[in-house]
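This is final-v6.pdb. It holds PDB, C-alpha atoms.
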```pdb
ATOM      1  CA  ARG A   1     -39.906  -0.302  20.868  1.00  0.00           C
ATOM      2  CA  MET A   2     -39.495   1.333  17.464  1.00  0.00           C
ATOM      3  CA  VAL A   3     -37.798  -1.715  15.947  1.00  0.00           C
ATOM      4  CA  SER A   4     -40.288  -4.233  17.411  1.00  0.00           C
ATOM      5  CA  LEU A   5     -43.224  -2.102  16.247  1.00  0.00           C
ATOM      6  CA  MET A   6     -41.886  -2.221  12.702  1.00  0.00           C
ATOM      7  CA  GLN A   7     -41.689  -5.994  12.864  1.00  0.00           C
ATOM      8  CA  GLU A   8     -45.246  -6.361  14.132  1.00  0.00           C
ATOM      9  CA  THR A   9     -46.942  -3.771  11.894  1.00  0.00           C
ATOM     10  CA  SER A  10     -46.128  -4.090   8.213  1.00  0.00           C
ATOM     11  CA  ASN A  11     -47.725  -0.747   7.355  1.00  0.00           C
ATOM     12  CA  PHE A  12     -45.635   1.157   9.891  1.00  0.00           C
ATOM     13  CA  SER A  13     -42.672   3.164   8.595  1.00  0.00           C
ATOM     14  CA  VAL A  14     -39.977   5.240  10.253  1.00  0.00           C
ATOM     15  CA  LYS A  15     -38.611   8.432   8.796  1.00  0.00           C
ATOM     16  CA  LYS A  16     -35.665  10.606   9.720  1.00  0.00           C
ATOM     17  CA  SER A  17     -35.383  14.338   9.333  1.00  0.00           C
ATOM     18  CA  ILE A  18     -32.793  15.917   7.049  1.00  0.00           C
ATOM     19  CA  GLY A  19     -33.085  19.653   7.283  1.00  0.00           C
ATOM     20  CA  SER A  20     -36.735  20.520   6.763  1.00  0.00           C
ATOM     21  CA  SER A  21     -37.644  17.271   4.970  1.00  0.00           C
ATOM     22  CA  TYR A  22     -38.134  13.638   5.960  1.00  0.00           C
ATOM     23  CA  VAL A  23     -36.814  10.493   4.263  1.00  0.00           C
ATOM     24  CA  GLU A  24     -37.270   6.791   4.957  1.00  0.00           C
ATOM     25  CA  ALA A  25     -34.925   5.477   7.632  1.00  0.00           C
ATOM     26  CA  ASP A  26     -32.712   2.564   6.565  1.00  0.00           C
ATOM     27  CA  ASP A  27     -31.371  -0.355   8.598  1.00  0.00           C
ATOM     28  CA  SER A  28     -28.316   1.574   9.790  1.00  0.00           C
ATOM     29  CA  ASP A  29     -30.546   4.387  11.088  1.00  0.00           C
ATOM     30  CA  LEU A  30     -32.698   1.893  13.001  1.00  0.00           C
ATOM     31  CA  LYS A  31     -29.651   0.182  14.477  1.00  0.00           C
ATOM     32  CA  ALA A  32     -28.264   3.543  15.557  1.00  0.00           C
ATOM     33  CA  ALA A  33     -31.573   4.475  17.167  1.00  0.00           C
ATOM     34  CA  ASP A  34     -31.783   1.097  18.911  1.00  0.00           C
ATOM     35  CA  PHE A  35     -28.240   1.488  20.223  1.00  0.00           C
ATOM     36  CA  ALA A  36     -29.012   5.007  21.462  1.00  0.00           C
ATOM     37  CA  LEU A  37     -31.976   3.630  23.412  1.00  0.00           C
ATOM     38  CA  LYS A  38     -29.830   0.862  24.913  1.00  0.00           C
ATOM     39  CA  LEU A  39     -27.117   3.336  25.867  1.00  0.00           C
ATOM     40  CA  ALA A  40     -29.643   5.691  27.457  1.00  0.00           C
ATOM     41  CA  ALA A  41     -31.133   2.763  29.371  1.00  0.00           C
ATOM     42  CA  ALA A  42     -27.690   1.692  30.598  1.00  0.00           C
ATOM     43  CA  ILE A  43     -26.864   5.215  31.775  1.00  0.00           C
ATOM     44  CA  LYS A  44     -30.220   5.478  33.558  1.00  0.00           C
ATOM     45  CA  ALA A  45     -29.852   2.052  35.157  1.00  0.00           C
ATOM     46  CA  MET A  46     -26.389   2.844  36.505  1.00  0.00           C
ATOM     47  CA  GLY A  47     -27.400   6.274  37.704  1.00  0.00           C
ATOM     48  CA  GLY A  48     -28.917   4.918  40.905  1.00  0.00           C
ATOM     49  CA  LEU A  49     -26.135   2.452  41.706  1.00  0.00           C
ATOM     50  CA  ARG A  50     -23.345   2.818  44.215  1.00  0.00           C
ATOM     51  CA  PRO A  51     -19.817   3.202  42.725  1.00  0.00           C
ATOM     52  CA  SER A  52     -18.908  -0.415  43.444  1.00  0.00           C
ATOM     53  CA  GLU A  53     -22.126  -1.612  41.841  1.00  0.00           C
ATOM     54  CA  LYS A  54     -21.493   0.554  38.783  1.00  0.00           C
ATOM     55  CA  LEU A  55     -18.063  -0.981  38.339  1.00  0.00           C
ATOM     56  CA  GLU A  56     -19.506  -4.478  38.700  1.00  0.00           C
ATOM     57  CA  ALA A  57     -22.240  -3.805  36.127  1.00  0.00           C
ATOM     58  CA  SER A  58     -19.715  -2.225  33.782  1.00  0.00           C
ATOM     59  CA  LEU A  59     -17.383  -5.206  34.122  1.00  0.00           C
ATOM     60  CA  THR A  60     -20.249  -7.554  33.263  1.00  0.00           C
ATOM     61  CA  LEU A  61     -21.030  -5.586  30.093  1.00  0.00           C
ATOM     62  CA  ARG A  62     -17.355  -5.466  29.178  1.00  0.00           C
ATOM     63  CA  ASN A  63     -16.982  -9.220  29.589  1.00  0.00           C
ATOM     64  CA  GLU A  64     -20.032  -9.723  27.379  1.00  0.00           C
ATOM     65  CA  GLY A  65     -18.414  -7.427  24.834  1.00  0.00           C
ATOM     66  CA  ASN A  66     -15.180  -9.428  24.970  1.00  0.00           C
ATOM     67  CA  ALA A  67     -17.140 -12.609  24.329  1.00  0.00           C
ATOM     68  CA  LYS A  68     -18.835 -11.054  21.306  1.00  0.00           C
ATOM     69  CA  PHE A  69     -15.464  -9.804  20.068  1.00  0.00           C
ATOM     70  CA  LYS A  70     -13.971 -13.315  20.240  1.00  0.00           C
ATOM     71  CA  GLU A  71     -16.950 -14.553  18.222  1.00  0.00           C
ATOM     72  CA  GLY A  72     -16.198 -11.975  15.534  1.00  0.00           C
ATOM     73  CA  LYS A  73     -19.353  -9.979  16.323  1.00  0.00           C
ATOM     74  CA  PHE A  74     -17.512  -6.677  16.438  1.00  0.00           C
ATOM     75  CA  GLN A  75     -20.507  -4.356  16.157  1.00  0.00           C
ATOM     76  CA  GLU A  76     -22.255  -6.045  19.078  1.00  0.00           C
ATOM     77  CA  ALA A  77     -19.022  -5.901  21.060  1.00  0.00           C
ATOM     78  CA  LEU A  78     -18.691  -2.203  20.303  1.00  0.00           C
ATOM     79  CA  GLU A  79     -22.205  -1.504  21.585  1.00  0.00           C
ATOM     80  CA  LEU A  80     -21.591  -3.431  24.800  1.00  0.00           C
ATOM     81  CA  TYR A  81     -18.332  -1.573  25.419  1.00  0.00           C
ATOM     82  CA  ALA A  82     -20.124   1.746  24.916  1.00  0.00           C
ATOM     83  CA  GLN A  83     -22.825   0.748  27.398  1.00  0.00           C
ATOM     84  CA  ALA A  84     -20.176  -0.322  29.892  1.00  0.00           C
ATOM     85  CA  MET A  85     -18.666   3.155  29.773  1.00  0.00           C
ATOM     86  CA  ALA A  86     -21.721   4.460  31.603  1.00  0.00           C
ATOM     87  CA  GLY A  87     -20.193   3.191  34.835  1.00  0.00           C
ATOM     88  CA  GLY A  88     -16.718   1.824  34.145  1.00  0.00           C
ATOM     89  CA  GLU A  89     -13.140   2.997  33.878  1.00  0.00           C
ATOM     90  CA  PRO A  90     -12.794   4.962  30.616  1.00  0.00           C
ATOM     91  CA  VAL A  91      -9.254   3.971  29.583  1.00  0.00           C
ATOM     92  CA  PRO A  92      -9.656   0.173  29.214  1.00  0.00           C
ATOM     93  CA  LEU A  93     -13.123   0.569  27.702  1.00  0.00           C
ATOM     94  CA  LEU A  94     -11.997   3.181  25.182  1.00  0.00           C
ATOM     95  CA  ASN A  95      -9.168   0.841  24.215  1.00  0.00           C
ATOM     96  CA  ASN A  96     -11.752  -1.894  23.683  1.00  0.00           C
ATOM     97  CA  VAL A  97     -13.838   0.498  21.604  1.00  0.00           C
ATOM     98  CA  ALA A  98     -10.805   1.374  19.462  1.00  0.00           C
ATOM     99  CA  CYS A  99     -10.026  -2.305  18.925  1.00  0.00           C
ATOM    100  CA  ALA A 100     -13.592  -3.062  17.799  1.00  0.00           C
ATOM    101  CA  LEU A 101     -13.589  -0.047  15.477  1.00  0.00           C
ATOM    102  CA  LEU A 102     -10.348  -1.265  13.889  1.00  0.00           C
ATOM    103  CA  GLU A 103     -11.960  -4.610  13.138  1.00  0.00           C
ATOM    104  CA  LEU A 104     -14.956  -2.777  11.644  1.00  0.00           C
ATOM    105  CA  ARG A 105     -12.525  -0.724   9.495  1.00  0.00           C
ATOM    106  CA  LYS A 106     -13.788   2.506  11.003  1.00  0.00           C
ATOM    107  CA  TYR A 107     -10.291   3.894  11.228  1.00  0.00           C
ATOM    108  CA  LYS A 108     -11.032   7.575  11.852  1.00  0.00           C
ATOM    109  CA  GLN A 109     -13.374   6.740  14.724  1.00  0.00           C
ATOM    110  CA  ALA A 110     -10.724   4.370  16.118  1.00  0.00           C
ATOM    111  CA  ILE A 111      -8.202   7.222  16.104  1.00  0.00           C
ATOM    112  CA  GLU A 112     -10.683   9.422  17.955  1.00  0.00           C
ATOM    113  CA  ALA A 113     -11.142   6.749  20.635  1.00  0.00           C
ATOM    114  CA  CYS A 114      -7.365   6.405  21.004  1.00  0.00           C
ATOM    115  CA  ASP A 115      -6.958  10.164  21.283  1.00  0.00           C
ATOM    116  CA  GLU A 116      -9.504  10.227  24.120  1.00  0.00           C
ATOM    117  CA  VAL A 117      -7.363   7.693  25.986  1.00  0.00           C
ATOM    118  CA  LEU A 118      -4.211   9.700  25.335  1.00  0.00           C
ATOM    119  CA  LYS A 119      -5.852  12.796  26.796  1.00  0.00           C
ATOM    120  CA  ILE A 120      -6.040  10.857  30.064  1.00  0.00           C
ATOM    121  CA  GLU A 121      -2.681   9.073  30.018  1.00  0.00           C
ATOM    122  CA  LYS A 122       0.177   7.906  27.821  1.00  0.00           C
ATOM    123  CA  ASN A 123      -1.106   4.446  26.982  1.00  0.00           C
ATOM    124  CA  ALA A 124       0.754   1.839  24.933  1.00  0.00           C
ATOM    125  CA  LYS A 125      -2.361   0.091  23.625  1.00  0.00           C
ATOM    126  CA  ALA A 126      -3.924   3.352  22.486  1.00  0.00           C
ATOM    127  CA  LEU A 127      -0.731   4.413  20.709  1.00  0.00           C
ATOM    128  CA  VAL A 128      -0.338   1.062  18.964  1.00  0.00           C
ATOM    129  CA  ARG A 129      -3.966   1.007  17.834  1.00  0.00           C
ATOM    130  CA  LYS A 130      -3.711   4.583  16.659  1.00  0.00           C
ATOM    131  CA  GLY A 131      -0.643   3.578  14.646  1.00  0.00           C
ATOM    132  CA  ARG A 132      -2.560   0.685  13.075  1.00  0.00           C
ATOM    133  CA  ALA A 133      -5.454   2.962  12.124  1.00  0.00           C
ATOM    134  CA  LEU A 134      -3.123   5.576  10.629  1.00  0.00           C
ATOM    135  CA  MET A 135      -1.320   2.895   8.610  1.00  0.00           C
ATOM    136  CA  ALA A 136      -4.646   1.696   7.243  1.00  0.00           C
ATOM    137  CA  LEU A 137      -5.345   5.271   6.140  1.00  0.00           C
ATOM    138  CA  ASP A 138      -1.890   5.490   4.467  1.00  0.00           C
ATOM    139  CA  GLU A 139      -0.859   8.207   6.932  1.00  0.00           C
ATOM    140  CA  TYR A 140       2.612   6.778   7.410  1.00  0.00           C
ATOM    141  CA  ASP A 141       4.284   9.717   9.163  1.00  0.00           C
ATOM    142  CA  GLY A 142       1.593   9.818  11.832  1.00  0.00           C
ATOM    143  CA  ALA A 143       1.754   6.043  12.243  1.00  0.00           C
ATOM    144  CA  ARG A 144       5.524   6.178  12.707  1.00  0.00           C
ATOM    145  CA  ARG A 145       5.205   8.857  15.388  1.00  0.00           C
ATOM    146  CA  ALA A 146       2.553   6.826  17.228  1.00  0.00           C
ATOM    147  CA  TYR A 147       4.691   3.664  17.198  1.00  0.00           C
ATOM    148  CA  GLU A 148       7.835   5.488  18.279  1.00  0.00           C
ATOM    149  CA  GLU A 149       5.930   7.074  21.155  1.00  0.00           C
ATOM    150  CA  ALA A 150       4.506   3.671  22.080  1.00  0.00           C
ATOM    151  CA  LEU A 151       8.051   2.342  22.566  1.00  0.00           C
ATOM    152  CA  GLU A 152       8.461   4.873  25.382  1.00  0.00           C
ATOM    153  CA  ALA A 153       5.247   3.829  27.151  1.00  0.00           C
ATOM    154  CA  GLU A 154       4.905   1.236  29.902  1.00  0.00           C
ATOM    155  CA  ASP A 155       3.738  -2.329  29.249  1.00  0.00           C
ATOM    156  CA  VAL A 156       4.353  -2.070  25.524  1.00  0.00           C
ATOM    157  CA  ASP A 157       4.825  -5.119  23.314  1.00  0.00           C
ATOM    158  CA  VAL A 158       8.222  -4.041  22.020  1.00  0.00           C
ATOM    159  CA  VAL A 159       8.543  -6.937  19.562  1.00  0.00           C
ATOM    160  CA  PHE A 160       5.194  -6.171  17.926  1.00  0.00           C
ATOM    161  CA  VAL A 161       5.854  -2.416  17.698  1.00  0.00           C
ATOM    162  CA  ARG A 162       9.290  -2.895  16.151  1.00  0.00           C
ATOM    163  CA  ARG A 163       7.816  -5.342  13.670  1.00  0.00           C
ATOM    164  CA  GLN A 164       5.199  -2.734  12.762  1.00  0.00           C
ATOM    165  CA  LEU A 165       7.901  -0.101  12.335  1.00  0.00           C
ATOM    166  CA  ARG A 166       9.832  -2.401   9.978  1.00  0.00           C
ATOM    167  CA  ARG A 167       6.676  -3.013   7.987  1.00  0.00           C
ATOM    168  CA  LEU A 168       6.031   0.716   7.934  1.00  0.00           C
ATOM    169  CA  ARG A 169       9.514   1.395   6.539  1.00  0.00           C
ATOM    170  CA  GLN A 170       8.933  -1.195   3.817  1.00  0.00           C
ATOM    171  CA  LEU A 171       5.589   0.383   2.886  1.00  0.00           C
ATOM    172  CA  THR A 172       7.113   3.858   2.827  1.00  0.00           C
ATOM    173  CA  ALA A 173       9.982   2.707   0.590  1.00  0.00           C
ATOM    174  CA  ARG A 174       7.549   0.930  -1.749  1.00  0.00           C
ATOM    175  CA  VAL A 175       5.385   4.030  -2.047  1.00  0.00           C
ATOM    176  CA  ALA A 176       8.464   6.184  -2.669  1.00  0.00           C
ATOM    177  CA  ARG A 177       9.620   3.874  -5.485  1.00  0.00           C
ATOM    178  CA  LYS A 178       6.167   3.850  -7.045  1.00  0.00           C
ATOM    179  CA  THR A 179       5.928   7.634  -6.842  1.00  0.00           C
ATOM    180  CA  GLU A 180       9.336   8.019  -8.464  1.00  0.00           C
ATOM    181  CA  LYS A 181       8.387   5.674 -11.309  1.00  0.00           C
ATOM    182  CA  GLN A 182       5.174   7.597 -11.901  1.00  0.00           C
ATOM    183  CA  LYS A 183       7.102  10.865 -11.875  1.00  0.00           C
ATOM    184  CA  ILE A 184       9.592   9.582 -14.460  1.00  0.00           C
ATOM    185  CA  ALA A 185       6.809   8.198 -16.649  1.00  0.00           C
ATOM    186  CA  TYR A 186       4.963  11.520 -16.434  1.00  0.00           C
ATOM    187  CA  GLN A 187       8.060  13.472 -17.379  1.00  0.00           C
ATOM    188  CA  LYS A 188       8.740  11.188 -20.339  1.00  0.00           C
ATOM    189  CA  ALA A 189       5.166  11.480 -21.557  1.00  0.00           C
ATOM    190  CA  PHE A 190       5.250  15.262 -21.641  1.00  0.00           C
ATOM    191  CA  THR A 191       8.875  16.173 -22.335  1.00  0.00           C
ATOM    192  CA  GLN A 192      10.240  13.491 -24.648  1.00  0.00           C
ATOM    193  CA  LYS A 193      10.324  14.538 -28.316  1.00  0.00           C
ATOM    194  CA  LYS A 194      11.132  12.206 -31.131  1.00  0.00           C
ATOM    195  CA  SER A 195      13.867  13.299 -33.421  1.00  0.00           C
ATOM    196  CA  PRO A 196      12.839  13.989 -37.037  1.00  0.00           C
ATOM    197  CA  SER A 197      16.254  12.893 -38.257  1.00  0.00           C
ATOM    198  CA  HIS A 198      14.847   9.689 -39.806  1.00  0.00           C
ATOM    199  CA  ILE A 199      12.404  11.655 -41.981  1.00  0.00           C
ATOM    200  CA  PRO A 200      13.516  11.674 -45.622  1.00  0.00           C
ATOM    201  CA  LEU A 201      15.144  14.882 -46.818  1.00  0.00           C
ATOM    202  CA  ALA A 202      12.612  15.268 -49.623  1.00  0.00           C
ATOM    203  CA  LEU A 203       9.720  15.170 -47.145  1.00  0.00           C
ATOM    204  CA  MET A 204      11.425  17.721 -44.977  1.00  0.00           C
ATOM    205  CA  CYS A 205      11.825  20.018 -47.964  1.00  0.00           C
ATOM    206  CA  ILE A 206       8.116  19.674 -48.765  1.00  0.00           C
ATOM    207  CA  VAL A 207       7.250  20.511 -45.192  1.00  0.00           C
ATOM    208  CA  ILE A 208       9.463  23.583 -45.271  1.00  0.00           C
ATOM    209  CA  ALA A 209       7.853  24.770 -48.474  1.00  0.00           C
ATOM    210  CA  ILE A 210       4.307  24.283 -47.171  1.00  0.00           C
ATOM    211  CA  TYR A 211       5.232  25.855 -43.871  1.00  0.00           C
ATOM    212  CA  VAL A 212       6.659  28.967 -45.548  1.00  0.00           C
ATOM    213  CA  ALA A 213       3.756  29.286 -47.983  1.00  0.00           C
ATOM    214  CA  PHE A 214       0.787  28.478 -45.787  1.00  0.00           C
ATOM    215  CA  GLY A 215       1.914  28.506 -42.162  1.00  0.00           C
ATOM    216  CA  LYS A 216       1.983  25.850 -39.448  1.00  0.00           C
ATOM    217  CA  ARG A 217      -1.693  25.000 -39.286  1.00  0.00           C
ATOM    218  CA  ILE A 218      -2.125  24.479 -43.025  1.00  0.00           C
ATOM    219  CA  ALA A 219       1.097  22.469 -43.198  1.00  0.00           C
ATOM    220  CA  LEU A 220      -0.044  20.092 -40.509  1.00  0.00           C
ATOM    221  CA  TYR A 221      -3.490  19.841 -42.047  1.00  0.00           C
ATOM    222  CA  LEU A 222      -2.077  18.909 -45.449  1.00  0.00           C
ATOM    223  CA  LEU A 223       0.470  16.495 -44.053  1.00  0.00           C
ATOM    224  CA  GLN A 224      -1.849  13.887 -42.558  1.00  0.00           C
ATOM    225  CA  THR A 225       0.792  11.171 -42.629  1.00  0.00           C
ATOM    226  CA  ALA A 226       2.018   8.841 -39.926  1.00  0.00           C
ATOM    227  CA  ASP A 227       5.074  11.027 -39.394  1.00  0.00           C
ATOM    228  CA  ALA A 228       3.367  14.399 -39.520  1.00  0.00           C
ATOM    229  CA  HIS A 229       3.131  14.710 -35.745  1.00  0.00           C
ATOM    230  CA  LEU A 230       6.869  14.114 -35.447  1.00  0.00           C
ATOM    231  CA  LEU A 231       7.556  17.242 -37.453  1.00  0.00           C
ATOM    232  CA  TRP A 232       5.713  19.576 -35.140  1.00  0.00           C
ATOM    233  CA  PRO A 233       8.580  19.975 -32.586  1.00  0.00           C
ATOM    234  CA  TRP A 234      10.984  20.586 -35.506  1.00  0.00           C
ATOM    235  CA  MET A 235       8.695  23.272 -37.008  1.00  0.00           C
ATOM    236  CA  LEU A 236       8.431  25.268 -33.742  1.00  0.00           C
TER     237      LEU A 236
END
```
What does the file become when written as structure tokens?
Amino acid sequence: RMVSLMQETSNFSVKKSIGSSYVEADDSDLKAADFALKLAAAIKAMGGLRPSEKLEASLTLRNEGNAKFKEGKFQEALELYAQAMAGGEPVPLLNNVACALLELRKYKQAIEACDEVLKIEKNAKALVRKGRALMALDEYDGARRAYEEALEAEDVDVVFVRRQLRRLRQLTARVARKTEKQKIAYQKAFTQKKSPSHIPLALMCIVIAIYVAFGKRIALYLLQTADAHLLWPWML
């Protein structure tokens, strides 16, 4: 009703509360509100149904969600899966939710959905999808643990999981090499000192004389030459 009223009345605006103030609601806020209304309606509609009827209604919503998923409409699929949970089996629907969230790149929420499944049972799909989400977040240790645990679960796609583990090892090795290169470059930048041995003896004598007479700061101030900065480590 809120969304349709906005479309029909150009002067109508919707605001959301943040603390004690109100700001204009954006499209994402309206979509969230619309989804909340749909979810509440689904829960209410299924409340008066017999268990078998609830399962049938949930299956219908899930199938609609699967169709939307195949079309690449992942947000719509996610909403249908959530509505189906009002009367359906939680494990398969939560797995569907996790899959849709992965496609939407909402990796933390996908992990949460997988964890809800794993509270109920040790589920291969949930473990694999959790591993995918953790990999996307560069949390390689957690991803490895999820994949290794998935290999112990029933009905697991062993070929896919082992392929993911190989890919994970390659990513880990690549990150380790990059980190080591950065570490070496950092150390060189801050520890390497150029030798002043190529500086002419006469210039070194002048530096010594200025250093003795005026101190380090004056010597460096007076010696504004290309090689002056090379003498600083030697003067310490």
*Write out as a PyMOL selection string which residues come within 7 Å of Gly88 (chain A) when counting all atoms listed in the file, dropping same-chain ones fewer than 4 positions away.*
chain A and resi 54-55+58+84
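Note that the spacing between CA of Arg129 (chain A) and CA of Phe69 (chain A) amounts to 15.9 Å.
Closest to Gly72 (chain A) among A:Leu104, A:Ala185, A:Ile208, A:Leu59 is A:Leu104, based on all atoms listed in the file.
The interatomic distance for the pair CA of Ala82 (chain A) and CA of Val97 (chain A) works out to 7.2 Å.
When only C-alpha atoms are used to compute distances to Tyr140 (chain A), the closest of the residues A:Val175, A:Ala153, A:Leu118, A:Leu127 turns out to be A:Val175.
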*Considering all atoms listed in the file, state which residue in the set A:Ala136, A:Leu37, A:Leu93, A:Val159 is at the smallest distance from Val117 (chain A).*
A:Leu93
*Skip Asp157 (chain A) itself and residues of its chain fewer than 4 positions away, then list as a PyMOL selection string all residues within 10 Å of it, counting all atoms listed in the file.*
chain A and resi 124-125+128+150-151+153+161-162
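One distance worth recording is that between CA of Asn95 (chain A) and CA of Ala126 (chain A), which is 6.1 Å.
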*For region 39-50 of chain A, list every protein, DNA or RNA residue within 7 Å, evaluated using only C-alpha atoms, and leave out those in the same chain fewer than 5 positions away; present the list as a list in words.*
Gln83, Ala86 and Gly87 of chain A
*Name every residue that the PyMOL selection byres ((chain A and resi 99) around 12) selects in this structure, writing the answer as an NGL selection string with chains first and numbers rising.*
:A and (65-66 or 69-70 or 72 or 74-75 or 77-78 or 81 or 92-98 or 100-107 or 109-114 or 125-133)
Complete the atom set of region 79-87 of chain A to all heavy atoms and return it as a PDB file, in the frame of the given file.
```pdb
ATOM      1  N   GLU A  79     -21.040  -2.041  20.874  1.00  0.00           N
ATOM      2  CA  GLU A  79     -22.205  -1.504  21.585  1.00  0.00           C
ATOM      3  C   GLU A  79     -22.147  -1.841  23.073  1.00  0.00           C
ATOM      4  O   GLU A  79     -22.483  -1.010  23.925  1.00  0.00           O
ATOM      5  CB  GLU A  79     -23.481  -2.044  20.949  1.00  0.00           C
ATOM      6  CG  GLU A  79     -23.708  -1.526  19.529  1.00  0.00           C
ATOM      7  CD  GLU A  79     -24.928  -2.133  18.868  1.00  0.00           C
ATOM      8  OE1 GLU A  79     -25.646  -2.904  19.558  1.00  0.00           O
ATOM      9  OE2 GLU A  79     -25.179  -1.835  17.688  1.00  0.00           O
ATOM     10  N   LEU A  80     -21.706  -3.044  23.394  1.00  0.00           N
ATOM     11  CA  LEU A  80     -21.591  -3.431  24.800  1.00  0.00           C
ATOM     12  C   LEU A  80     -20.500  -2.631  25.506  1.00  0.00           C
ATOM     13  O   LEU A  80     -20.677  -2.228  26.666  1.00  0.00           O
ATOM     14  CB  LEU A  80     -21.321  -4.931  24.909  1.00  0.00           C
ATOM     15  CG  LEU A  80     -22.521  -5.827  24.593  1.00  0.00           C
ATOM     16  CD1 LEU A  80     -22.078  -7.261  24.330  1.00  0.00           C
ATOM     17  CD2 LEU A  80     -23.544  -5.787  25.739  1.00  0.00           C
ATOM     18  N   TYR A  81     -19.388  -2.392  24.826  1.00  0.00           N
ATOM     19  CA  TYR A  81     -18.332  -1.573  25.419  1.00  0.00           C
ATOM     20  C   TYR A  81     -18.835  -0.153  25.694  1.00  0.00           C
ATOM     21  O   TYR A  81     -18.533   0.437  26.738  1.00  0.00           O
ATOM     22  CB  TYR A  81     -17.124  -1.501  24.483  1.00  0.00           C
ATOM     23  CG  TYR A  81     -16.393  -2.814  24.280  1.00  0.00           C
ATOM     24  CD1 TYR A  81     -15.814  -3.127  23.048  1.00  0.00           C
ATOM     25  CD2 TYR A  81     -16.262  -3.729  25.315  1.00  0.00           C
ATOM     26  CE1 TYR A  81     -15.144  -4.322  22.844  1.00  0.00           C
ATOM     27  CE2 TYR A  81     -15.582  -4.934  25.128  1.00  0.00           C
ATOM     28  CZ  TYR A  81     -15.035  -5.219  23.884  1.00  0.00           C
ATOM     29  OH  TYR A  81     -14.364  -6.403  23.698  1.00  0.00           O
ATOM     30  N   ALA A  82     -19.592   0.390  24.749  1.00  0.00           N
ATOM     31  CA  ALA A  82     -20.124   1.746  24.916  1.00  0.00           C
ATOM     32  C   ALA A  82     -21.080   1.809  26.103  1.00  0.00           C
ATOM     33  O   ALA A  82     -21.066   2.771  26.876  1.00  0.00           O
ATOM     34  CB  ALA A  82     -20.820   2.194  23.637  1.00  0.00           C
ATOM     35  N   GLN A  83     -21.909   0.783  26.254  1.00  0.00           N
ATOM     36  CA  GLN A  83     -22.825   0.748  27.398  1.00  0.00           C
ATOM     37  C   GLN A  83     -22.050   0.627  28.713  1.00  0.00           C
ATOM     38  O   GLN A  83     -22.413   1.243  29.722  1.00  0.00           O
ATOM     39  CB  GLN A  83     -23.785  -0.429  27.265  1.00  0.00           C
ATOM     40  CG  GLN A  83     -24.784  -0.286  26.123  1.00  0.00           C
ATOM     41  CD  GLN A  83     -25.636  -1.532  25.968  1.00  0.00           C
ATOM     42  OE1 GLN A  83     -26.308  -1.944  26.899  1.00  0.00           O
ATOM     43  NE2 GLN A  83     -25.604  -2.132  24.789  1.00  0.00           N
ATOM     44  N   ALA A  84     -20.978  -0.141  28.679  1.00  0.00           N
ATOM     45  CA  ALA A  84     -20.176  -0.322  29.892  1.00  0.00           C
ATOM     46  C   ALA A  84     -19.533   0.981  30.346  1.00  0.00           C
ATOM     47  O   ALA A  84     -19.286   1.182  31.547  1.00  0.00           O
ATOM     48  CB  ALA A  84     -19.091  -1.374  29.643  1.00  0.00           C
ATOM     49  N   MET A  85     -19.306   1.886  29.428  1.00  0.00           N
ATOM     50  CA  MET A  85     -18.666   3.155  29.773  1.00  0.00           C
ATOM     51  C   MET A  85     -19.552   4.029  30.649  1.00  0.00           C
ATOM     52  O   MET A  85     -19.083   5.003  31.238  1.00  0.00           O
ATOM     53  CB  MET A  85     -18.286   3.911  28.494  1.00  0.00           C
ATOM     54  CG  MET A  85     -17.112   3.297  27.764  1.00  0.00           C
ATOM     55  SD  MET A  85     -16.643   4.232  26.297  1.00  0.00           S
ATOM     56  CE  MET A  85     -16.111   5.768  27.050  1.00  0.00           C
ATOM     57  N   ALA A  86     -20.826   3.691  30.745  1.00  0.00           N
ATOM     58  CA  ALA A  86     -21.721   4.460  31.603  1.00  0.00           C
ATOM     59  C   ALA A  86     -21.326   4.368  33.071  1.00  0.00           C
ATOM     60  O   ALA A  86     -21.685   5.239  33.870  1.00  0.00           O
ATOM     61  CB  ALA A  86     -23.164   3.983  31.427  1.00  0.00           C
ATOM     62  N   GLY A  87     -20.564   3.324  33.427  1.00  0.00           N
ATOM     63  CA  GLY A  87     -20.193   3.191  34.835  1.00  0.00           C
ATOM     64  C   GLY A  87     -18.807   2.636  35.063  1.00  0.00           C
ATOM     65  O   GLY A  87     -18.438   2.354  36.203  1.00  0.00           O
TER      66      GLY A  87
END
```
